[in-house]
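Engineer: For reference, the structure I am asking about is given below.
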Amino acid sequence: MKRIVSLAVFALLLCFGACETMGPARRPAQQPAPQQPAFTCEKRNVVPVRTKAQYSDDYGTMMTSDAAALATPAKNYRWGIKNSKTPLSMAYYTFYVRPEGRYRFFGTSIYIDRGIKAPLTFVFRNNDRNGEVLKSVTVYPGQTVDVDVEVTGLSRVLVRSELRINHDKAEKIIMGEPEFYNCR
């Protein structure tokens with residue numbers, strides 16, 4: 001009788017241990033709802049980011065107003081920053097914008113094409129690669145996300161993402177109609 005009770009207790013403890021190591025049931029991954037702008041103004045003074053004084057490439061990007069290069073399923077942008085090579089594979093996507101302390105916000109729409117096999121995270125940093133993270137935004141393949149980053153008092157902002165082996169290749173990574181703005 002003691003053997004049966006001992007065996008039952010051992011089996012019960014084994015079952016509890018197995019259940020704890022498995023952890024809680026997980027739900028299937030879902031794409032998050034698009035992020036809303038951090039701040040909205042009723043009236044804005046807008047300055048489009050279109051000149052070399054406001055933008056510089058660090059790796060894998062270029063400023064363009066080519067309508068075909070900036071066309072997405074949802075919108076056709078008039079100007080923007082996109083990947084300079086097509087397709088872009090296992091590479092950084094990095095550029096700087098320069099508010100020079102004159103603007104309160106930097107705003108843009110980020111689009112990545114459906115062919116990219118995993119979400120991309122875009123990091124906005126103060127000044128350089130080691131600067132304070134101002135914002136981090138994850139964009140899923142085929143998705144467009146509107147982003148507003150507070151840049152009050154900053155002279156330079158680094159925008160960076162990285163295509164890794166799990167992403168495969170990118171035909172289009174677009175920062176549509178980037179702009180600096182102040183609220184009136």
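Each chain of the structure tokens is named A, B, ... in the order shown, its residues numbered from 1; ligands are numbered from 1 in display order.
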Give me, as a ChimeraX atom specification, all polymer residues having an atom no more than 10 Å from segment 44-56 of chain A, counting only C-alpha atoms and skipping those fewer than 2 positions away in the same chain.

Structural biologist: /A:40-42,58-59,61-65,79-81,94-100,103,105-108,156-158,177-184

Engineer: I'd like to know which of A:Met175, A:Val149, A:Ala69, A:Ala170 is closest to Arg125 of chain A, using only C-alpha atoms.

Structural biologist: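 Under the stated criterion, the closest residue is A:Val149.
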
Engineer: If you measure from atom CA of Asp128 of chain A to atom CA of Asp57 of chain A, what distance in Å do you get, rounded to one decimal?

Structural biologist: 12.6 Å

Engineer: Using only C-alpha atoms, can you tell me which of A:Arg164, A:Thr144, A:Val159, A:Glu150 comes closest to Phe124 of chain A?

Structural biologist: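 Closest to Phe124 of chain A, using only C-alpha atoms: A:Val159.
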
Engineer: Go through segment 150-179 of chain A and collect every residue that DSSP, computed from the backbone, puts in strand (DSSP E); the answer should be as a ChimeraX atom specification.

Structural biologist: /A:150,157-162,169-170,173-179

Engineer: Find, counting only C-alpha atoms, the residue in A:Asn126, A:Gln143, A:Ser89, A:Ser155 that gets nearest to Ile174 of chain A.

Structural biologist: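 Of all the options, A:Gln143 lies closest to Ile174 of chain A.
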
Engineer: Compare A:Thr86, A:Gly142, A:Tyr92, A:Arg104 by their minimum atom-to-atom distance to Ile116 of chain A, counting only C-alpha atoms, and give me the closest one.

Structural biologist: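 Checking each of A:Thr86, A:Gly142, A:Tyr92, A:Arg104 against Ile116 of chain A, counting only C-alpha atoms, the winner is A:Gly142.
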
Engineer: List the neighbours of Lys75 of chain A out to 10 Å using only C-alpha atoms; skip same-chain residues closer than 5 positions along the sequence, and give me the result as a short mmCIF file (atom, residue, chain, number, x, y, z; two decimals) with N, CA, C and O atoms, in the first residue's frame.

Structural biologist:
```cif
data_model
loop_
_atom_site.label_atom_id
_atom_site.label_comp_id
_atom_site.auth_asym_id
_atom_site.auth_seq_id
_atom_site.Cartn_x
_atom_site.Cartn_y
_atom_site.Cartn_z
N LEU A 70 8.45 55.71 -54.46
CA LEU A 70 7.75 56.03 -53.21
C LEU A 70 6.29 55.58 -53.20
O LEU A 70 5.51 55.94 -52.32
N TYR A 111 6.95 52.70 -44.06
CA TYR A 111 6.36 51.56 -44.78
C TYR A 111 7.45 50.54 -45.06
O TYR A 111 8.54 50.91 -45.47
N THR A 144 2.06 50.30 -42.76
CA THR A 144 2.52 51.68 -42.69
C THR A 144 2.21 52.20 -41.30
O THR A 144 1.09 52.05 -40.82
N GLY A 176 8.03 58.05 -45.57
CA GLY A 176 7.25 58.93 -46.44
C GLY A 176 7.04 60.32 -45.88
O GLY A 176 6.63 60.49 -44.73
#
```

Engineer: Distance atom CA of Gly115 of chain A-atom CA of Ser136 of chain A, one decimal place?

Structural biologist: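 According to the coordinates, atom CA of Gly115 of chain A and atom CA of Ser136 of chain A are separated by 22.0 Å.
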
Engineer: Kindly give the distance, in Å, that separates atom CA of Asp66 of chain A and atom CA of Ile173 of chain A, rounded to a single decimal.

Structural biologist: 14.0 Å
